[in-house]
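Novice: Next comes model-v4.cif, mmCIF, C-alpha atoms:
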```
data_final
loop_
_atom_site.label_atom_id
_atom_site.label_comp_id
_atom_site.auth_asym_id
_atom_site.auth_seq_id
_atom_site.Cartn_x
_atom_site.Cartn_y
_atom_site.Cartn_z
CA MET A 15 -37.52 16.04 -41.36
CA SER A 16 -37.24 19.70 -42.20
CA GLU A 17 -37.16 20.70 -38.56
CA VAL A 18 -33.70 21.07 -37.12
CA ASN A 19 -33.20 19.96 -33.57
CA THR A 20 -31.62 23.15 -32.29
CA SER A 21 -31.45 21.98 -28.70
CA ARG A 22 -28.84 19.43 -29.66
CA ARG A 23 -26.72 22.08 -31.38
CA GLN A 24 -27.08 24.30 -28.37
CA PHE A 25 -25.96 21.46 -26.14
CA LEU A 26 -22.87 20.87 -28.26
CA GLY A 27 -22.13 24.57 -28.13
CA TRP A 28 -22.29 24.55 -24.36
CA GLY A 29 -20.00 21.53 -24.30
CA THR A 30 -17.42 23.30 -26.43
CA ALA A 31 -17.58 26.37 -24.24
CA ALA A 32 -17.14 24.24 -21.13
CA MET A 33 -14.09 22.48 -22.60
CA ALA A 34 -12.57 25.81 -23.62
CA GLY A 35 -13.09 27.08 -20.09
CA LEU A 36 -11.33 24.12 -18.54
CA ALA A 37 -8.33 24.28 -20.85
CA ILE A 38 -5.89 27.03 -19.96
CA ALA A 39 -3.30 26.05 -22.52
CA PRO A 40 -2.78 23.00 -24.72
CA GLY A 41 -2.23 20.03 -22.45
CA VAL A 42 -2.90 22.05 -19.30
CA THR A 43 -6.35 22.06 -17.75
CA LEU A 44 -7.75 23.31 -14.50
CA ILE A 45 -8.57 19.77 -13.42
CA ASP A 46 -4.98 18.66 -13.87
CA LEU A 47 -3.67 21.58 -11.88
CA ALA A 48 -6.06 21.04 -9.01
CA HIS A 49 -6.01 17.29 -8.45
CA GLY A 50 -3.46 15.56 -10.63
CA LYS A 51 -4.76 12.34 -12.10
CA PRO A 52 -8.27 11.14 -11.13
CA ASP A 53 -8.00 8.21 -8.72
CA ASP A 54 -9.90 5.77 -10.91
CA GLN A 55 -7.96 6.46 -14.10
CA PRO A 56 -4.82 4.54 -15.08
CA VAL A 57 -1.66 6.50 -15.72
CA SER A 58 -1.17 7.60 -19.30
CA SER A 59 1.83 7.59 -21.60
CA LYS A 60 0.88 11.12 -22.62
CA VAL A 61 2.80 12.14 -19.49
CA ARG A 62 6.49 11.43 -18.96
CA TRP A 63 7.53 12.41 -15.47
CA GLY A 64 11.08 13.59 -15.14
CA MET A 65 13.46 15.67 -13.06
CA LEU A 66 16.05 18.26 -13.88
CA ILE A 67 18.86 18.66 -11.37
CA ASP A 68 20.79 21.92 -11.49
CA ALA A 69 24.22 21.17 -10.07
CA ASN A 70 24.97 24.91 -9.86
CA GLN A 71 22.18 25.33 -7.32
CA CYS A 72 22.95 22.18 -5.36
CA HIS A 73 24.97 22.93 -2.20
CA SER A 74 27.81 20.70 -1.16
CA GLY A 75 26.96 20.48 2.52
CA CYS A 76 23.21 20.08 2.07
CA SER A 77 21.54 16.68 2.12
CA ASP A 78 17.95 17.74 2.69
CA CYS A 79 16.77 15.71 -0.31
CA VAL A 80 18.24 12.54 1.16
CA THR A 81 16.74 13.23 4.58
CA ALA A 82 13.35 13.95 3.05
CA CYS A 83 13.48 10.74 1.01
CA ASN A 84 14.37 8.67 4.06
CA LYS A 85 11.58 10.23 6.06
CA GLU A 86 9.00 9.93 3.29
CA ASN A 87 9.71 6.29 2.58
CA GLY A 88 10.64 5.08 6.05
CA LEU A 89 14.29 4.31 5.30
CA SER A 90 16.78 3.99 8.14
CA GLY A 91 19.14 6.62 6.74
CA GLY A 92 22.13 4.32 7.17
CA THR A 93 24.77 4.20 4.45
CA GLY A 94 26.22 0.74 5.11
CA PRO A 95 26.23 -2.07 2.57
CA ASP A 96 22.99 -3.49 3.99
CA ASP A 97 21.14 -0.18 4.16
CA SER A 98 18.77 0.95 1.45
CA GLN A 99 19.70 4.21 -0.19
CA TRP A 100 17.20 5.51 -2.69
CA ILE A 101 19.03 8.79 -3.24
CA ARG A 102 22.65 9.70 -2.54
CA LYS A 103 24.43 13.05 -2.40
CA MET A 104 27.84 13.06 -4.04
CA ASP A 105 30.59 15.61 -4.50
CA LEU A 106 32.59 15.42 -7.72
CA LYS A 107 35.98 17.13 -7.96
CA ASP A 108 37.65 18.14 -11.17
CA THR A 109 41.26 17.09 -10.60
CA HIS A 110 42.63 19.78 -12.92
CA SER A 111 40.77 22.84 -11.77
CA GLY A 112 39.87 21.67 -8.29
CA ARG A 113 36.26 22.68 -8.85
CA VAL A 114 33.86 20.69 -6.69
CA MET A 115 30.28 20.16 -7.69
CA SER A 116 27.59 18.50 -5.72
CA LEU A 117 24.60 16.58 -7.00
CA PRO A 118 22.09 13.91 -5.95
CA MET A 119 22.07 10.56 -7.74
CA MET A 120 19.15 8.18 -7.76
CA CYS A 121 17.15 6.01 -10.14
CA GLN A 122 17.28 7.84 -13.46
CA HIS A 123 13.89 6.46 -14.55
CA CYS A 124 15.17 5.42 -17.94
CA GLY A 125 13.00 5.28 -21.02
CA ASN A 126 14.74 2.02 -21.92
CA PRO A 127 15.51 0.65 -18.46
CA PRO A 128 18.06 -2.17 -18.36
CA CYS A 129 16.65 -3.36 -15.03
CA THR A 130 13.36 -4.35 -16.68
CA ASP A 131 15.22 -6.09 -19.50
CA VAL A 132 16.94 -8.50 -17.14
CA CYS A 133 14.16 -9.05 -14.63
CA PRO A 134 13.11 -12.71 -14.82
CA THR A 135 9.68 -12.25 -13.23
CA GLY A 136 8.49 -8.94 -14.62
CA ALA A 137 8.75 -7.33 -11.20
CA SER A 138 10.86 -4.49 -12.59
CA PHE A 139 8.69 -2.47 -14.87
CA LYS A 140 8.19 0.98 -16.30
CA ARG A 141 4.85 2.59 -15.72
CA ALA A 142 3.10 4.22 -18.66
CA ASP A 143 4.08 7.65 -17.33
CA GLY A 144 7.78 6.75 -17.31
CA ILE A 145 8.29 5.95 -13.61
CA VAL A 146 10.40 2.81 -13.18
CA LEU A 147 9.27 0.67 -10.26
CA VAL A 148 9.70 -2.72 -8.60
CA ASP A 149 6.51 -4.67 -8.00
CA ARG A 150 7.66 -6.19 -4.74
CA HIS A 151 4.75 -8.61 -4.76
CA ILE A 152 6.44 -10.52 -7.58
CA CYS A 153 10.10 -9.65 -6.92
CA ILE A 154 12.04 -12.79 -5.97
CA GLY A 155 15.13 -10.89 -4.84
CA CYS A 156 17.50 -12.26 -7.49
CA ARG A 157 19.20 -8.85 -7.80
CA TYR A 158 19.83 -9.09 -11.55
CA CYS A 159 18.43 -5.57 -11.85
CA MET A 160 21.02 -4.30 -9.38
CA MET A 161 23.74 -5.74 -11.60
CA ALA A 162 22.20 -4.25 -14.73
CA CYS A 163 21.70 -0.73 -13.39
CA PRO A 164 24.59 1.55 -14.44
CA TYR A 165 23.68 4.06 -11.71
CA LYS A 166 23.85 1.78 -8.66
CA ALA A 167 20.38 3.03 -7.92
CA ARG A 168 18.81 -0.07 -6.44
CA SER A 169 19.10 -1.57 -2.97
CA PHE A 170 18.32 -5.03 -1.67
CA VAL A 171 16.49 -5.44 1.62
CA ALA A 172 18.50 -8.15 3.35
CA HIS A 173 17.04 -7.92 6.85
CA PRO A 174 13.48 -8.01 8.17
CA VAL A 175 11.81 -4.61 8.16
CA THR A 176 9.46 -3.63 10.97
CA ASP A 177 7.40 -0.56 11.65
CA GLN A 178 7.04 0.47 8.02
CA LYS A 179 5.36 3.72 7.30
CA PRO A 180 1.68 3.23 6.41
CA GLY A 181 1.28 3.45 2.64
CA ARG A 182 5.01 2.92 2.06
CA PRO A 183 5.52 -0.87 2.09
CA ARG A 184 9.04 -2.33 2.33
CA GLY A 185 10.03 -5.90 2.97
CA ILE A 186 12.83 -8.40 3.23
CA GLY A 187 13.98 -10.26 0.14
CA THR A 188 13.01 -7.61 -2.39
CA VAL A 189 14.84 -4.97 -4.36
CA GLU A 190 13.79 -1.36 -4.05
CA ALA A 191 14.75 2.03 -5.42
CA CYS A 192 13.57 5.57 -5.90
CA THR A 193 9.88 5.48 -6.86
CA MET A 194 9.83 9.19 -7.74
CA CYS A 195 7.42 9.23 -4.78
CA VAL A 196 4.79 7.64 -6.98
CA GLU A 197 2.09 7.87 -4.33
CA ARG A 198 2.63 11.61 -4.05
CA VAL A 199 2.80 12.09 -7.82
CA ASP A 200 -0.49 10.22 -8.27
CA ALA A 201 -2.01 12.53 -5.68
CA GLY A 202 -0.85 15.58 -7.63
CA LEU A 203 2.09 16.38 -5.34
CA LYS A 204 5.79 16.64 -6.12
CA PRO A 205 8.36 14.11 -4.90
CA ALA A 206 9.58 14.63 -1.34
CA CYS A 207 13.15 15.50 -2.42
CA VAL A 208 11.89 18.23 -4.76
CA ASP A 209 9.82 19.85 -2.02
CA ALA A 210 12.69 19.58 0.47
CA CYS A 211 15.14 21.20 -1.94
CA ALA A 212 12.71 24.06 -2.55
CA ALA A 213 12.14 24.41 1.20
CA ALA A 214 15.90 24.73 1.70
CA GLY A 215 15.82 27.60 -0.79
CA HIS A 216 17.97 25.90 -3.42
CA GLU A 217 15.39 24.76 -5.95
CA ALA A 218 18.04 22.57 -7.55
CA ILE A 219 15.54 19.85 -8.47
CA ILE A 220 12.72 20.59 -10.88
CA PHE A 221 10.00 18.01 -11.34
CA GLY A 222 7.55 17.93 -14.21
CA ASP A 223 6.19 16.45 -17.39
CA LEU A 224 8.87 16.06 -20.07
CA ASN A 225 6.17 15.54 -22.71
CA ASP A 226 4.49 18.86 -22.02
CA PRO A 227 6.36 21.64 -23.85
CA ASN A 228 4.86 24.22 -21.48
CA SER A 229 6.07 22.62 -18.26
CA ASP A 230 8.90 24.30 -16.32
CA ILE A 231 11.19 21.34 -16.84
CA SER A 232 10.63 21.21 -20.62
CA LYS A 233 11.25 24.94 -20.94
CA ARG A 234 14.49 24.66 -18.99
CA ILE A 235 15.66 21.72 -21.07
CA ALA A 236 14.81 23.62 -24.25
CA GLU A 237 16.71 26.69 -23.07
CA TYR A 238 19.83 25.31 -21.35
CA THR A 239 22.31 22.59 -22.05
CA THR A 240 21.41 19.57 -19.97
CA LYS A 241 22.99 16.15 -19.80
CA GLN A 242 21.95 12.60 -19.22
CA VAL A 243 24.42 10.67 -17.11
CA ARG A 244 26.00 7.98 -19.28
CA ALA A 245 24.11 9.25 -22.32
CA ASP A 246 26.31 6.91 -24.36
CA LEU A 247 24.23 3.99 -23.11
CA GLY A 248 21.18 5.36 -24.91
CA LEU A 249 18.86 4.80 -21.95
CA ASP A 250 16.84 8.00 -22.42
CA THR A 251 16.91 8.91 -18.74
CA GLY A 252 14.05 10.80 -17.13
CA VAL A 253 16.45 12.55 -14.76
CA ARG A 254 18.58 15.22 -16.45
CA TYR A 255 21.48 17.26 -15.08
CA GLN A 256 22.38 20.87 -15.70
CA GLY A 257 25.80 22.38 -14.98
CA VAL A 258 27.79 19.17 -14.95
CA MET B 16 -20.46 -15.12 13.26
CA SER B 17 -21.96 -18.50 12.47
CA VAL B 18 -19.07 -20.32 10.94
CA ARG B 19 -19.66 -23.81 12.34
CA PRO B 20 -22.64 -23.70 14.65
CA ALA B 21 -24.22 -27.07 13.90
CA THR B 22 -21.84 -29.64 15.35
CA PHE B 23 -22.30 -29.32 19.08
CA LYS B 24 -26.05 -28.81 18.83
CA TRP B 25 -26.45 -32.00 16.88
CA VAL B 26 -24.46 -33.99 19.45
CA TRP B 27 -26.65 -32.64 22.23
CA VAL B 28 -29.89 -33.28 20.35
CA SER B 29 -28.93 -36.81 19.34
CA ASP B 30 -28.28 -37.69 23.01
CA VAL B 31 -31.74 -36.53 23.92
CA ARG B 32 -33.37 -38.34 21.04
CA ARG B 33 -31.74 -41.65 21.94
CA GLY B 34 -33.36 -41.46 25.35
CA LEU B 35 -36.72 -40.61 23.89
CA VAL B 36 -36.75 -43.38 21.33
CA LYS B 37 -35.93 -45.95 24.05
CA ARG B 38 -39.11 -45.01 25.85
CA GLY B 39 -41.02 -45.15 22.55
CA SER B 40 -43.39 -42.40 23.50
CA LEU B 41 -44.93 -40.00 21.00
CA TRP B 42 -44.65 -37.34 23.66
CA GLY B 43 -40.97 -37.58 23.11
CA PHE B 44 -41.22 -35.86 19.77
CA ALA B 45 -43.19 -33.03 21.27
CA ILE B 46 -40.57 -32.66 23.99
CA LEU B 47 -37.86 -32.88 21.36
CA GLY B 48 -39.51 -30.07 19.41
CA ALA B 49 -39.86 -27.97 22.52
CA SER B 50 -36.27 -28.53 23.53
CA LEU B 51 -35.06 -27.68 20.02
CA LEU B 52 -37.00 -24.46 20.23
CA ALA B 53 -35.53 -23.79 23.65
CA VAL B 54 -32.00 -24.37 22.35
CA ALA B 55 -32.64 -22.01 19.44
CA LEU B 56 -34.07 -19.36 21.74
CA THR B 57 -31.18 -19.71 24.17
CA ALA B 58 -28.67 -19.36 21.35
CA THR B 59 -30.45 -16.28 20.05
CA ALA B 60 -30.80 -14.74 23.48
CA SER B 61 -27.14 -15.23 24.36
CA GLY B 62 -26.24 -13.50 21.11
CA GLY B 63 -24.26 -16.29 19.52
CA GLU B 64 -23.03 -19.84 19.77
CA GLN B 65 -21.32 -21.32 22.75
CA GLU B 66 -17.60 -21.97 22.53
CA THR B 67 -17.51 -25.69 22.91
CA SER B 68 -15.34 -26.75 19.97
CA ARG B 69 -11.65 -27.42 20.48
CA VAL B 70 -10.69 -24.27 18.63
CA PRO B 71 -12.78 -21.34 19.78
CA LEU B 72 -14.52 -19.39 17.06
CA PRO B 73 -12.87 -16.12 16.18
CA HIS B 74 -14.34 -12.94 17.59
CA PRO B 75 -12.74 -10.15 15.61
CA GLU B 76 -13.13 -6.67 16.97
CA ILE B 77 -15.23 -4.72 14.48
CA ALA B 78 -14.23 -1.11 14.96
CA ASN B 79 -16.85 0.40 12.64
CA PRO B 80 -19.80 -2.00 12.34
CA GLY B 81 -21.92 -1.86 9.21
CA LYS B 82 -19.58 0.48 7.33
CA CYS B 83 -17.81 -2.06 5.12
CA VAL B 84 -17.38 -1.44 1.39
CA ALA B 85 -19.30 -4.64 0.57
CA ASP B 86 -21.55 -7.24 2.22
CA THR B 87 -19.98 -9.15 5.08
CA GLU B 88 -20.57 -12.51 3.41
CA TYR B 89 -18.99 -11.32 0.17
CA MET B 90 -15.99 -9.87 1.95
CA ARG B 91 -15.47 -13.03 4.02
CA LYS B 92 -15.25 -15.09 0.88
CA HIS B 93 -13.65 -12.69 -1.57
CA HIS B 94 -11.56 -10.12 0.34
CA MET B 95 -8.35 -11.71 -0.90
CA ASP B 96 -9.52 -11.58 -4.51
CA VAL B 97 -10.52 -7.92 -4.47
CA LEU B 98 -7.28 -7.03 -2.67
CA LEU B 99 -5.20 -8.93 -5.22
CA ARG B 100 -6.90 -7.26 -8.14
CA HIS B 101 -6.65 -3.83 -6.60
CA ARG B 102 -2.99 -4.43 -5.79
CA ASP B 103 -2.08 -5.02 -9.43
CA GLU B 104 -4.14 -2.10 -10.65
CA THR B 105 -2.53 0.21 -8.13
CA VAL B 106 1.08 -0.82 -8.56
CA HIS B 107 1.11 -1.13 -12.34
CA GLU B 108 -1.52 1.34 -13.50
CA GLY B 109 -1.60 3.86 -10.69
CA ILE B 110 -5.32 3.39 -9.99
CA ARG B 111 -5.76 4.54 -6.42
CA THR B 112 -9.45 4.22 -5.65
CA LYS B 113 -10.04 3.83 -1.94
CA ARG B 114 -12.76 1.20 -1.98
CA TYR B 115 -10.69 -1.98 -2.05
CA SER B 116 -7.33 -0.53 -1.05
CA LEU B 117 -5.50 -2.25 1.76
CA THR B 118 -4.80 1.10 3.36
CA ASN B 119 -8.51 1.84 3.47
CA CYS B 120 -9.20 -1.56 5.05
CA ILE B 121 -6.59 -0.96 7.72
CA ASP B 122 -7.73 2.59 8.39
CA CYS B 123 -11.23 1.34 9.18
CA HIS B 124 -10.49 -2.02 10.80
CA ALA B 125 -7.56 -1.14 13.07
CA SER B 126 -8.33 -1.94 16.68
CA ARG B 127 -9.23 0.85 19.04
CA LYS B 128 -7.02 -0.75 21.65
CA ASN B 129 -3.66 -1.12 19.94
CA ASN B 130 -4.17 0.84 16.70
CA SER B 131 -3.48 -2.18 14.50
CA VAL B 132 -5.17 -5.03 12.64
CA LEU B 133 -2.71 -7.47 14.21
CA GLY B 134 -1.49 -8.14 17.72
CA THR B 135 -4.10 -10.15 19.59
CA LYS B 136 -6.72 -12.77 18.81
CA GLU B 137 -9.30 -10.02 18.67
CA ASN B 138 -7.57 -7.90 16.07
CA PHE B 139 -9.44 -7.89 12.81
CA CYS B 140 -7.07 -9.74 10.48
CA GLN B 141 -5.38 -11.97 13.00
CA ALA B 142 -8.62 -13.24 14.55
CA CYS B 143 -9.86 -15.21 11.54
CA HIS B 144 -6.46 -15.91 10.01
CA SER B 145 -5.21 -17.59 13.15
CA TYR B 146 -8.48 -19.52 13.44
CA ALA B 147 -8.18 -20.77 9.88
CA ALA B 148 -4.37 -21.17 10.16
CA VAL B 149 -3.92 -19.19 6.93
CA LYS B 150 -0.75 -17.14 6.77
CA VAL B 151 -1.35 -13.51 5.90
CA ASP B 152 1.51 -12.17 3.83
CA CYS B 153 0.46 -8.54 3.57
CA PHE B 154 2.11 -7.35 6.74
CA GLU B 155 5.60 -8.57 6.01
CA CYS B 156 5.86 -5.39 3.93
CA HIS B 157 2.76 -3.31 4.62
CA SER B 158 2.19 -1.51 7.88
CA SER B 159 -0.59 -2.96 10.01
CA LYS B 160 -1.43 0.47 11.36
CA PRO B 161 -3.68 3.15 9.94
CA GLU B 162 -2.18 6.08 8.11
CA ALA B 163 -1.15 8.70 10.65
CA THR B 164 -0.75 12.25 9.46
CA ALA B 165 2.24 14.42 10.19
CA GLY B 166 1.42 15.26 13.81
CA ALA B 167 0.76 11.58 14.65
CA VAL B 168 -2.96 12.28 14.52
CA PHE B 169 -4.71 8.94 14.44
CA HIS B 170 -7.70 7.84 12.49
CA PRO B 171 -10.84 9.08 14.30
CA ILE B 172 -11.60 5.59 15.59
CA VAL B 173 -8.45 5.55 17.72
CA PRO B 174 -8.66 7.14 21.15
CA SER B 175 -6.50 10.21 21.53
CA GLY B 176 -4.47 8.57 24.29
CA ALA B 177 -2.88 6.07 21.90
CA LYS B 178 0.80 6.54 21.15
CA ALA B 179 2.43 6.31 17.76
CA GLY B 180 5.80 4.84 17.03
CA PRO B 181 7.85 1.81 17.88
CA ALA B 182 6.66 1.55 21.48
CA SER B 183 3.40 -0.06 20.40
CA ALA B 184 2.64 -3.44 21.89
CA ASP B 185 2.31 -5.26 18.60
CA GLN B 186 5.68 -4.28 17.23
CA GLY B 187 7.34 -7.12 15.40
CA LEU B 188 4.15 -9.12 15.13
CA ALA B 189 3.90 -8.49 11.44
CA LEU B 190 7.35 -9.97 11.23
CA SER B 191 6.30 -13.40 12.39
CA MET B 192 2.59 -13.68 12.02
CA GLN B 193 2.89 -17.37 11.43
CA GLN B 194 4.78 -17.88 14.66
CA HIS B 195 2.10 -16.02 16.54
CA MET B 196 -0.58 -18.16 15.02
CA ARG B 197 1.29 -21.23 16.09
CA ASN B 198 1.58 -19.88 19.64
CA GLY B 199 -2.10 -19.01 19.62
CA LEU B 200 -3.10 -22.49 18.57
CA ALA B 201 -0.83 -24.02 21.20
CA ALA B 202 -2.42 -21.80 23.86
CA THR B 203 -5.85 -22.92 22.73
CA ALA B 204 -4.87 -26.56 22.90
CA ASN B 205 -3.59 -26.07 26.47
CA LYS B 206 -6.78 -24.36 27.51
CA ASN B 207 -8.94 -27.28 26.35
CA PRO B 208 -6.97 -30.44 27.03
CA GLY B 209 -8.56 -33.47 25.45
CA GLY B 210 -11.02 -31.33 23.60
CA GLU B 211 -14.05 -33.56 24.20
CA SER B 212 -14.44 -33.23 27.97
CA ARG B 213 -16.97 -30.49 28.24
#
```
How does this structure look as structure tokens?
Specialist:
Amino acid sequence: MSEVNTSRRQFLGWGTAAMAGLAIAPGVTLIDLAHGKPDDQPVSSKVRWGMLIDANQCHSGCSDCVTACNKENGLSGGTGPDDSQWIRKMDLKDTHSGRVMSLPMMCQHCGNPPCTDVCPTGASFKRADGIVLVDRHICIGCRYCMMACPYKARSFVAHPVTDQKPGRPRGIGTVEACTMCVERVDAGLKPACVDACAAAGHEAIIFGDLNDPNSDISKRIAEYTTKQVRADLGLDTGVRYQGV
Amino acid sequence: MSVRPATFKWVWVSDVRRGLVKRGSLWGFAILGASLLAVALTATASGGEQETSRVPLPHPEIANPGKCVADTEYMRKHHMDVLLRHRDETVHEGIRTKRYSLTNCIDCHASRKNNSVLGTKENFCQACHSYAAVKVDCFECHSSKPEATAGAVFHPIVPSGAKAGPASADQGLALSMQQHMRNGLAATANKNPGGESR
């Protein structure tokens, strides 16, 4: 028993070196940067996806985020009462100063979402990584969640849908809303609206992990004053606004 | 495909045997054996069973033979179970493995002719589902076409001449799969009036 198995120690040493090599900074590893989440792993509550919208950068006439959302998710782009709108552009005018600011509104991906509280079937749910979704397989179309949402973020599909985009299912009799482009996020991409805004040169929407203090979004929130819309409701929204 | 091969053979054989037993000859059994062998050989040679039942057996178009993620027998019996399980894992937990994903199934099984798993009695999903008169719910929401990339580049199994977009022949079929099944069954019934006169 006096002999020490040095090969095992050596192996552990190699393992430590390998881990150190993969980790660039706490919480950030090369694997994460390259591929996002591995396909066979469930999402983790260590991540909280969120968005920061800078109203100072958002241009009044631009609706590229809306167009990109419609294209990505196969929405008609109509704005009638029967059309689904996952993201809307709105201009807000200060009646005293006359200052107009423009910003997109969509599902705020609340930490305490009222839509999931009222859902009778469990179709409305919050994923472990903070993305609020509708499981349309079990949605019965009662629309309680639409009543409960303070942001008017959800739409009901009242008419048959044909020619859906592959990988982006939509169907009659269910409620739907912004999914934060969950398929893209799982693949390590950013939501379509974020990419479109950057492509337009505005970069008014920043997407990232609110739980990671080194992410762009966390740094911005730590540095600047940001707001949650209807913060008085205590919903802990995942979408924050700057310059409003 | 040998879903229900026995029925018509048995009817044929029993006719022959009745004749043989009437004559009471031992030779009859030898002839019976020979004819059974002949029937088996004929069936093998023709590559399948004859379509003599009222409802013709489904002949789904298999775009990529032998490439399925599991054994054919297993998938015939359990495809709905693996899809259901994968569905919940994907939607709620974000697990996006390709093996049992509906998108993967469609990518591989879409017809070379109309770039879809629905549309005609030969299309992969519709063939058996219309035969069994089981409604398939998937395509009320999910697209029945393979994932096309940005430049409308199809899955390699689709010929380059195929066109993307709403002009496709099977548009709206997903909408009323049940109706189409009903029409299909009606057409079958018209083709074989009476059913027993062969």
Novice: Run the PyMOL selection byres ((chain A) within 10 of (chain B)) against the file shown and list the residues it catches, as an MDAnalysis selection string.
Specialist: chainID A and resid 51:58 137 139:143 147:151 174:186 188 196:197 199:201
Novice: How many Å lie between atom CA of Gly222 of chain A and atom CA of Asp105 of chain A, rounded to one decimal?
Specialist: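 So the answer is 25.1 Å.
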Novice: Name all residues at most 10 Å from Met120 of chain A (count only C-alpha atoms; drop same-chain ones fewer than 5 positions away) and give them as a list in words.
Specialist: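 Here the answer would be Val80, Gln99, Trp100, Ile101, Arg102, Lys103, Tyr165, Lys166, Ala167, Arg168, Ala191, Cys192, Thr193, Met194 and Val253 of chain A.
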Novice: What does the distance from atom CA of Lys233 of chain A to atom CA of Val146 of chain A come to in Å, to one decimal?
Specialist: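 Going from atom CA of Lys233 of chain A over to atom CA of Val146 of chain A, I get 23.5 Å.
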Novice: Report as number ranges by chain all protein, DNA and RNA residues lying within 10 Å of Ser77 of chain A, evaluated on all atoms listed in the file, omitting residues in the same chain fewer than 6 positions from it.
Specialist: A: 101-104, 117-118, 207, 210-211, 214
